[in-house]
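What follows is model-v4.tsv (TSV, C-alpha atoms).
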```tsv
chain	number	residue	atom	x	y	z
A	1	MET	CA	60.56	91.54	62.80
A	2	PHE	CA	63.02	93.14	65.16
A	3	SER	CA	66.41	91.71	64.52
A	4	LEU	CA	69.74	93.20	65.39
A	5	ILE	CA	70.58	93.54	61.72
A	6	SER	CA	67.46	95.54	60.99
A	7	LEU	CA	68.24	97.70	64.01
A	8	THR	CA	71.71	98.48	62.67
A	9	ILE	CA	70.25	99.28	59.27
A	10	ILE	CA	67.73	101.64	60.86
A	11	ILE	CA	70.44	103.35	62.87
A	12	THR	CA	72.62	103.65	59.78
A	13	LEU	CA	69.77	105.26	57.87
A	14	PHE	CA	69.16	107.76	60.64
A	15	ILE	CA	72.80	108.73	60.83
A	16	ASN	CA	72.86	109.06	57.06
A	17	ALA	CA	69.91	111.42	57.27
A	18	ILE	CA	71.72	113.58	59.81
A	19	CYS	CA	74.92	113.69	57.81
A	20	ILE	CA	73.20	114.63	54.60
A	21	LEU	CA	71.96	117.98	55.86
A	22	HIS	CA	74.21	120.48	54.19
A	23	GLU	CA	75.31	123.33	56.39
A	24	ASP	CA	75.39	126.26	54.00
A	25	ARG	CA	72.59	125.38	51.66
A	26	PHE	CA	69.99	124.13	54.05
A	27	LEU	CA	70.68	124.75	57.67
A	28	ALA	CA	71.59	128.37	57.13
A	29	ARG	CA	68.15	128.95	55.68
A	30	ILE	CA	66.46	127.64	58.79
A	31	GLY	CA	68.93	129.36	61.02
A	32	TRP	CA	70.40	126.24	62.51
A	33	THR	CA	74.02	127.18	62.01
A	34	SER	CA	76.47	126.97	64.83
A	35	LYS	CA	77.01	130.64	65.40
A	36	ARG	CA	78.60	131.32	68.72
A	37	SER	CA	77.30	134.55	70.17
A	38	GLY	CA	79.73	134.59	73.04
A	39	TYR	CA	79.36	132.07	75.82
A	40	ASN	CA	75.79	131.61	76.93
A	41	THR	CA	75.11	130.91	80.54
A	42	GLU	CA	73.23	127.76	79.69
A	43	PRO	CA	73.29	126.04	76.34
A	44	THR	CA	69.74	125.71	75.14
A	45	ILE	CA	68.32	122.58	73.61
A	46	LYS	CA	68.43	124.07	70.12
A	47	SER	CA	72.12	124.93	70.34
A	48	LYS	CA	72.83	121.43	71.59
A	49	ILE	CA	70.98	119.89	68.67
A	50	ILE	CA	72.95	122.11	66.29
A	51	ASP	CA	76.22	121.12	67.91
A	52	LEU	CA	75.23	117.47	67.81
A	53	ILE	CA	74.41	117.63	64.10
A	54	SER	CA	77.67	119.30	63.17
A	55	ALA	CA	79.68	116.97	65.38
A	56	THR	CA	78.00	113.91	63.87
A	57	ARG	CA	78.70	115.23	60.43
A	58	THR	CA	82.37	115.85	61.09
A	59	LEU	CA	83.02	112.69	62.96
A	60	LEU	CA	81.02	110.08	61.17
A	61	ARG	CA	81.40	111.03	57.52
A	62	ILE	CA	84.24	108.66	56.79
A	63	PRO	CA	83.17	105.64	58.84
A	64	LEU	CA	79.72	106.12	57.34
A	65	ILE	CA	81.15	105.53	53.87
A	66	ALA	CA	82.52	102.19	55.01
A	67	ILE	CA	79.34	101.20	56.88
A	68	ASN	CA	77.15	102.16	53.93
A	69	SER	CA	79.24	100.08	51.54
A	70	VAL	CA	79.03	97.08	53.84
A	71	VAL	CA	75.27	97.43	54.20
A	72	ILE	CA	74.79	97.87	50.45
A	73	ILE	CA	76.81	94.78	49.66
A	74	TYR	CA	74.95	92.85	52.36
A	75	LEU	CA	71.56	93.87	51.02
A	76	LEU	CA	72.61	93.12	47.45
A	77	ILE	CA	73.72	89.63	48.32
A	78	LEU	CA	70.87	88.70	50.60
A	79	GLY	CA	68.07	90.59	48.93
B	1	MET	CA	118.70	55.70	37.62
B	2	GLY	CA	115.27	54.38	38.46
B	3	GLY	CA	116.40	54.17	42.06
B	4	ASN	CA	117.49	57.81	42.04
B	5	GLN	CA	114.13	58.94	40.71
B	6	PHE	CA	112.41	56.88	43.31
B	7	ASN	CA	114.55	58.38	46.03
B	8	GLN	CA	113.83	61.87	44.81
B	9	GLN	CA	110.11	61.23	44.85
B	10	GLN	CA	110.31	59.95	48.35
B	11	ASN	CA	112.27	62.96	49.46
B	12	HIS	CA	109.70	65.23	47.87
B	13	GLU	CA	106.93	63.47	49.67
B	14	GLN	CA	108.72	63.48	52.95
B	15	LYS	CA	109.44	67.20	52.97
B	16	PRO	CA	105.86	68.50	53.29
B	17	PHE	CA	105.26	65.92	56.00
B	18	GLN	CA	108.23	67.20	57.86
B	19	ASN	CA	106.96	70.71	57.50
B	20	PHE	CA	103.68	69.85	59.11
B	21	LEU	CA	105.22	67.79	61.84
B	22	GLY	CA	106.81	70.95	63.11
B	23	ASN	CA	110.37	69.75	63.17
B	24	ASN	CA	111.67	71.78	60.26
B	25	PHE	CA	108.74	74.22	60.23
B	26	LEU	CA	110.05	76.87	62.58
B	27	ASN	CA	113.46	76.88	61.03
B	28	ASP	CA	112.14	78.60	57.93
B	29	PRO	CA	112.65	82.33	58.59
B	30	THR	CA	109.70	83.58	56.56
B	31	ALA	CA	107.41	81.17	58.33
B	32	GLN	CA	108.73	82.43	61.63
B	33	LEU	CA	108.11	86.02	60.61
B	34	GLY	CA	104.58	85.16	59.54
B	35	LEU	CA	103.97	83.42	62.84
B	36	GLN	CA	105.19	86.38	64.84
B	37	LEU	CA	103.09	88.77	62.82
B	38	GLY	CA	100.05	86.63	63.34
B	39	GLN	CA	100.70	86.48	67.06
B	40	LYS	CA	101.13	90.24	67.29
B	41	ALA	CA	97.95	90.90	65.33
B	42	PHE	CA	96.02	88.55	67.53
B	43	GLU	CA	97.38	90.12	70.68
B	44	SER	CA	96.58	93.66	69.60
B	45	GLY	CA	93.12	92.59	68.55
B	46	ALA	CA	92.52	90.92	71.88
B	47	GLU	CA	93.80	93.99	73.67
B	48	MET	CA	91.45	96.27	71.74
B	49	VAL	CA	88.51	94.02	72.49
B	50	ASN	CA	89.52	93.94	76.15
B	51	GLN	CA	89.80	97.70	76.31
B	52	ASN	CA	86.42	98.28	74.77
B	53	LEU	CA	84.82	95.62	76.86
B	54	ASN	CA	86.25	97.12	80.01
B	55	ARG	CA	85.03	100.53	79.01
B	56	TRP	CA	81.42	99.57	78.34
B	57	LEU	CA	80.89	96.48	80.44
B	58	ASN	CA	83.27	96.92	83.32
B	59	PRO	CA	83.10	93.53	85.10
B	60	ALA	CA	83.68	95.00	88.55
B	61	ASN	CA	80.88	97.47	87.95
B	62	VAL	CA	78.51	94.89	86.57
B	63	LYS	CA	79.05	92.64	89.57
B	64	LYS	CA	77.81	95.38	91.82
B	65	TYR	CA	74.43	95.22	90.17
B	66	PHE	CA	74.02	91.54	90.84
B	67	ASP	CA	74.81	91.74	94.50
B	68	VAL	CA	71.27	91.12	95.70
B	69	SER	CA	69.66	89.23	98.49
B	70	ASN	CA	66.35	87.40	98.63
B	71	SER	CA	64.65	90.00	100.76
B	72	PHE	CA	65.78	92.71	98.38
B	73	VAL	CA	64.26	90.90	95.41
B	74	PHE	CA	60.91	90.42	97.15
B	75	LYS	CA	60.77	93.97	98.42
B	76	LYS	CA	61.75	95.39	95.06
B	77	ILE	CA	59.11	93.45	93.15
B	78	GLY	CA	56.58	94.57	95.74
B	79	LEU	CA	57.81	98.12	95.25
B	80	VAL	CA	57.39	98.00	91.48
B	81	LEU	CA	53.87	96.67	91.80
B	82	PHE	CA	52.82	98.88	94.71
B	83	PRO	CA	55.01	101.95	95.05
B	84	PHE	CA	52.49	104.21	96.70
B	85	ARG	CA	53.37	103.70	100.33
B	86	HIS	CA	57.13	103.99	100.06
B	87	LYS	CA	58.46	107.08	101.73
B	88	SER	CA	62.07	107.74	100.91
B	89	TRP	CA	63.29	107.21	97.39
B	90	ALA	CA	66.81	108.58	97.57
B	91	ARG	CA	69.73	106.27	97.01
B	92	ILE	CA	72.14	105.96	99.87
B	93	GLU	CA	75.56	107.37	99.11
B	94	ARG	CA	78.33	105.36	100.51
B	95	ARG	CA	81.97	104.77	101.06
B	96	ASN	CA	84.49	106.36	98.79
B	97	ASP	CA	87.53	104.65	100.17
B	98	GLN	CA	88.62	102.66	97.16
B	99	ASN	CA	88.51	105.21	94.38
B	100	GLY	CA	88.08	108.41	96.27
B	101	LYS	CA	84.75	108.89	94.52
B	102	ILE	CA	81.32	108.92	96.04
B	103	ASP	CA	79.62	105.66	95.28
B	104	TYR	CA	76.11	104.42	95.66
B	105	SER	CA	75.53	101.49	97.95
B	106	SER	CA	74.88	98.06	96.60
B	107	PRO	CA	71.37	96.65	96.26
B	108	ARG	CA	71.91	94.53	99.30
B	109	ASP	CA	71.77	97.51	101.64
B	110	ASP	CA	69.64	99.95	99.73
B	111	ILE	CA	66.16	99.17	98.50
B	112	ASN	CA	66.19	102.10	96.11
B	113	SER	CA	69.27	101.03	94.23
B	114	PRO	CA	68.68	99.66	90.73
B	115	ASP	CA	69.88	96.14	90.22
B	116	LEU	CA	70.29	94.03	87.13
B	117	TYR	CA	69.21	90.72	88.59
B	118	ILE	CA	65.47	91.41	88.47
B	119	PRO	CA	65.46	92.82	84.92
B	120	VAL	CA	67.52	89.94	83.55
B	121	MET	CA	65.38	87.34	85.27
B	122	SER	CA	62.14	88.98	84.20
B	123	CYS	CA	63.37	89.27	80.59
B	124	VAL	CA	64.17	85.57	80.51
B	125	THR	CA	60.83	84.75	82.13
B	126	TYR	CA	59.07	86.88	79.55
B	127	ILE	CA	60.81	85.08	76.69
B	128	ILE	CA	59.89	81.70	78.12
B	129	LEU	CA	56.31	82.86	78.68
B	130	PHE	CA	56.12	83.99	75.08
B	131	ALA	CA	57.34	80.60	73.94
B	132	ILE	CA	54.81	78.82	76.15
B	133	THR	CA	52.00	80.95	74.76
B	134	MET	CA	53.06	80.18	71.22
B	135	THR	CA	53.13	76.50	72.09
B	136	ALA	CA	49.65	76.67	73.58
B	137	ASP	CA	48.42	78.28	70.37
B	138	GLY	CA	49.99	75.48	68.44
B	139	ASN	CA	52.67	77.20	66.43
B	140	PHE	CA	55.95	76.77	68.18
B	141	ASN	CA	59.30	76.55	66.51
B	142	PRO	CA	62.63	76.95	68.30
B	143	GLU	CA	63.39	80.06	66.26
B	144	ILE	CA	60.96	82.19	68.21
B	145	LEU	CA	63.05	81.93	71.36
B	146	GLY	CA	65.96	83.61	69.68
B	147	GLY	CA	63.65	85.98	67.82
B	148	THR	CA	61.98	87.15	71.00
B	149	ALA	CA	65.33	87.55	72.69
B	150	LEU	CA	66.50	89.74	69.84
B	151	LYS	CA	63.27	91.74	69.93
B	152	VAL	CA	63.67	92.40	73.65
B	153	LEU	CA	67.34	93.25	73.23
B	154	SER	CA	66.77	95.68	70.39
B	155	LEU	CA	63.90	97.36	72.28
B	156	LEU	CA	66.19	97.79	75.27
B	157	ILE	CA	69.02	99.20	73.19
B	158	GLY	CA	66.67	101.58	71.39
B	159	GLU	CA	65.22	102.84	74.66
B	160	VAL	CA	68.57	103.36	76.32
B	161	LEU	CA	69.95	105.19	73.27
B	162	LEU	CA	66.93	107.45	73.16
B	163	MET	CA	67.18	108.25	76.86
B	164	LYS	CA	70.88	108.95	76.61
B	165	LEU	CA	70.26	111.25	73.66
B	166	ILE	CA	67.60	113.23	75.48
B	167	CYS	CA	69.80	113.40	78.58
B	168	TYR	CA	72.51	114.95	76.47
B	169	LEU	CA	70.15	117.40	74.86
B	170	MET	CA	68.76	118.60	78.15
B	171	SER	CA	72.13	118.97	79.85
B	172	ILE	CA	71.17	116.45	82.48
B	173	SER	CA	74.32	115.33	84.23
B	174	ALA	CA	75.95	112.85	81.95
B	175	ASP	CA	77.03	110.38	84.57
B	176	VAL	CA	73.82	108.42	84.54
B	177	ALA	CA	75.28	105.01	84.03
B	178	PHE	CA	74.22	102.90	81.08
B	179	LEU	CA	73.61	99.98	83.37
B	180	ASP	CA	71.26	102.04	85.51
B	181	LEU	CA	69.19	102.90	82.46
B	182	ILE	CA	69.14	99.28	81.36
B	183	ALA	CA	68.01	98.31	84.85
B	184	TYR	CA	65.17	100.83	84.90
B	185	SER	CA	64.08	99.75	81.44
B	186	GLY	CA	63.96	96.17	82.58
B	187	TYR	CA	61.58	96.70	85.46
B	188	LYS	CA	58.58	96.93	83.18
B	189	PHE	CA	58.83	93.24	82.38
B	190	ILE	CA	57.50	92.41	85.81
B	191	GLY	CA	54.21	94.11	85.01
B	192	VAL	CA	54.17	92.64	81.52
B	193	ILE	CA	54.53	89.11	82.89
B	194	VAL	CA	51.75	89.61	85.42
B	195	VAL	CA	49.37	90.98	82.81
B	196	SER	CA	50.26	88.27	80.31
B	197	ILE	CA	49.52	85.52	82.79
B	198	LEU	CA	46.21	87.14	83.65
B	199	LYS	CA	45.35	87.50	79.98
B	200	LYS	CA	45.61	83.77	79.50
B	201	THR	CA	43.67	82.78	82.56
B	202	THR	CA	40.99	85.37	83.31
B	203	SER	CA	38.57	87.63	81.50
B	204	LYS	CA	39.39	90.56	79.29
B	205	PHE	CA	37.97	93.17	81.62
B	206	LEU	CA	40.14	92.07	84.52
B	207	THR	CA	43.18	92.09	82.25
B	208	TYR	CA	42.58	95.68	81.20
B	209	LEU	CA	42.00	96.71	84.79
B	210	VAL	CA	45.20	95.11	85.99
B	211	TYR	CA	47.08	96.54	83.02
B	212	ALA	CA	45.90	100.03	83.88
B	213	TYR	CA	46.88	99.57	87.51
B	214	VAL	CA	50.28	98.10	86.65
B	215	SER	CA	50.96	100.96	84.25
B	216	ILE	CA	50.12	103.54	86.90
B	217	ALA	CA	52.28	101.74	89.42
B	218	LEU	CA	55.19	101.48	87.00
B	219	GLY	CA	54.87	105.13	86.03
B	220	PHE	CA	54.83	106.18	89.67
B	221	PHE	CA	57.81	103.99	90.44
B	222	LEU	CA	59.83	105.34	87.53
B	223	LEU	CA	58.94	108.94	88.23
B	224	ARG	CA	59.99	108.71	91.85
B	225	SER	CA	63.17	106.80	91.15
B	226	LEU	CA	64.38	108.84	88.21
B	227	LYS	CA	63.58	112.14	89.84
B	228	TYR	CA	66.92	112.13	91.58
B	229	PHE	CA	68.80	111.61	88.36
B	230	VAL	CA	67.02	114.11	86.23
B	231	LEU	CA	66.04	116.99	88.46
B	232	THR	CA	68.85	118.54	90.37
B	233	ASP	CA	67.84	120.72	93.26
B	234	GLN	CA	69.90	123.68	92.19
B	235	SER	CA	67.56	125.11	89.58
B	236	LEU	CA	64.54	127.19	90.51
B	237	SER	CA	61.17	125.65	90.13
B	238	ALA	CA	59.92	128.07	87.48
B	239	ASN	CA	62.77	127.52	85.11
B	240	THR	CA	61.82	126.38	81.63
B	241	GLN	CA	64.60	123.86	81.69
B	242	ARG	CA	63.25	122.34	84.84
B	243	LYS	CA	59.83	122.14	83.23
B	244	ASN	CA	61.41	120.43	80.26
B	245	LYS	CA	63.02	117.92	82.53
B	246	ILE	CA	59.71	117.19	84.20
B	247	HIS	CA	58.22	116.68	80.75
B	248	PHE	CA	61.06	114.30	80.02
B	249	LEU	CA	60.22	112.23	83.10
B	250	PHE	CA	56.60	111.96	82.05
B	251	PHE	CA	57.71	111.03	78.57
B	252	ILE	CA	59.83	108.20	79.93
B	253	ALA	CA	56.93	106.85	81.97
B	254	LEU	CA	54.60	107.09	78.98
B	255	MET	CA	57.08	105.36	76.71
B	256	GLU	CA	57.44	102.49	79.16
B	257	ILE	CA	53.68	102.10	79.37
B	258	VAL	CA	53.26	102.07	75.59
B	259	ILE	CA	56.07	99.59	75.13
B	260	SER	CA	54.68	97.31	77.80
B	261	TRP	CA	51.36	97.36	75.92
B	262	PHE	CA	53.13	96.05	72.84
B	263	LEU	CA	55.00	93.48	74.83
B	264	ILE	CA	51.96	91.83	76.37
B	265	VAL	CA	51.82	88.45	74.81
```

Before anything else, please render the file you have as structure tokens.
Amino acid sequence: MFSLISLTIIITLFINAICILHEDRFLARIGWTSKRSGYNTEPTIKSKIIDLISATRTLLRIPLIAINSVVIIYLLILG
Amino acid sequence: MGGNQFNQQQNHEQKPFQNFLGNNFLNDPTAQLGLQLGQKAFESGAEMVNQNLNRWLNPANVKKYFDVSNSFVFKKIGLVLFPFRHKSWARIERRNDQNGKIDYSSPRDDINSPDLYIPVMSCVTYIILFAITMTADGNFNPEILGGTALKVLSLLIGEVLLMKLICYLMSISADVAFLDLIAYSGYKFIGVIVVSILKKTTSKFLTYLVYAYVSIALGFFLLRSLKYFVLTDQSLSANTQRKNKIHFLFFIALMEIVISWFLIV
């Protein structure tokens, strides 16, 4: 049931889900853009989540292409 | 003429042999280049692996967690199962002579310090217990040992990742070591083993009772131990962030209890 391979596939799917969220079309509607209204005294949880999403998107887009291809080929071969 | 052909054939056959025997192998410049390239690639690969390994699993750091004594192990297990009478939960801060940084003392001197010996041993005991239970039920195959090990490992990794994520989101100081989190996640196996053994030998009611008690004890233990990581004393007590952090502590305890329910064999 729980194997390391299924864990990596689950993690890959989650990261895919985060990277898919388009900034202008979707997040702007909810108001989750990374607007910087000066420097807050303490970053709130919401601003941290927003920063995390945009950082994940920027950083992991290209490795995600490679990881997705590997996973697709793996799943094709082994069913 | 026939002799010449015969000689040529012999020469042809001898050449590949000579190549493999290494005498004329290294004289070939392209082969030498290929060999050097292979060596360089291997070395850089080994260096990268070494670097990463040293970053995540620093051997000097890991050794510190296994520096335990017998009395520490007994006292710690007693503490996990009965944490209600313990008075001081703070970790002792210690010498900073080697790096110039403030370090925590090793488990040998400090009962509150998390160690990795007990979690590793209890994980292995749990896996063996699982295998024994499967054997007693009559369906054992050697695969389940590896399968259970993978299940435990992936649960651990998932928990630690989740805790690290929430720590980042709540601006809790980011120097909570990975190994500390792994250690605290591993303490629940003690309770799981106790309850599993009871489940096989005594009645259902007693098992539930002991499970409830062990969960409360584990939650208390985790709350007291992790308080010093999560809550810093600088914030006021009415701050929403501080309330969030207290919620986070309760969430950790609850998550451990739920996971230990699923782990009971």

Counting only C-alpha atoms, which residues from chain A have an atom at most 12 Å from any atom of chain B, and could you show them as a ChimeraX atom specification?
/A:1-8,10-11,42-53

Between atom CA of B:Ser215 and atom CA of B:Phe72, what is the spacing in Å?
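Value for the atom CA of B:Phe72-atom CA of B:Ser215 distance: 22.1 Å.
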
What gap, in Å, lies between atom CA of B:Asn61 and atom CA of B:Val230?
21.7 Å

Calculate how many Å separate atom CA of B:Leu162 from atom CA of B:Glu256, rounding to one decimal.
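So the two atoms, atom CA of B:Leu162 and atom CA of B:Glu256, lie 12.3 Å apart.
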
Set the distance at 8 Å and use only C-alpha atoms: which residues neighbour stretch 113-127 of chain B once local chain neighbours fewer than 6 positions away are removed? I'd like the list as a list in words.
Tyr65, Phe66, Asp67, Val68, Val73, Arg91, Tyr104, Ser105, Ser106, Pro107, Leu145, Thr148, Ala149, Val152, Leu179, Asp180, Ile182, Ala183, Tyr184, Ser185, Gly186, Tyr187, Phe189, Ile190, Val192 and Ile193 of chain B

Counting all atoms listed in the file, which residues sit no farther than 12 Å from the position (55.8, 110.6, 83.4) in the file's frame? I'd like them as an NGL selection string.
:B and (215-227 or 244-258)

Show which residues sit within 8 Å of stretch 17-30 of chain A, as a list of chain:residue names. Count all atoms listed in the file, and ignore same-chain residues fewer than 3 positions away.
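Those residues are A:Leu13, A:Phe14, A:Thr33, A:Ile53, A:Thr56, A:Arg57, A:Leu60, A:Arg61.
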
Based on the selection just made, write C-alpha atoms of those residues as an mmCIF file, keeping the file's coordinate frame.
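As a result, result-v2.cif now contains:
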```cif
data_model
loop_
_atom_site.group_PDB
_atom_site.id
_atom_site.type_symbol
_atom_site.label_atom_id
_atom_site.label_comp_id
_atom_site.auth_asym_id
_atom_site.auth_seq_id
_atom_site.Cartn_x
_atom_site.Cartn_y
_atom_site.Cartn_z
ATOM 1 C CA LEU A 13 69.770 105.260 57.870
ATOM 2 C CA PHE A 14 69.160 107.760 60.640
ATOM 3 C CA THR A 33 74.020 127.180 62.010
ATOM 4 C CA ILE A 53 74.410 117.630 64.100
ATOM 5 C CA THR A 56 78.000 113.910 63.870
ATOM 6 C CA ARG A 57 78.700 115.230 60.430
ATOM 7 C CA LEU A 60 81.020 110.080 61.170
ATOM 8 C CA ARG A 61 81.400 111.030 57.520
#
```

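Minimum atom-to-atom distance to B:Gly78, evaluated using all atoms listed in the file, belongs to B:Gly191 out of B:Asp110, B:Gly191, B:Thr240, B:Ala131.
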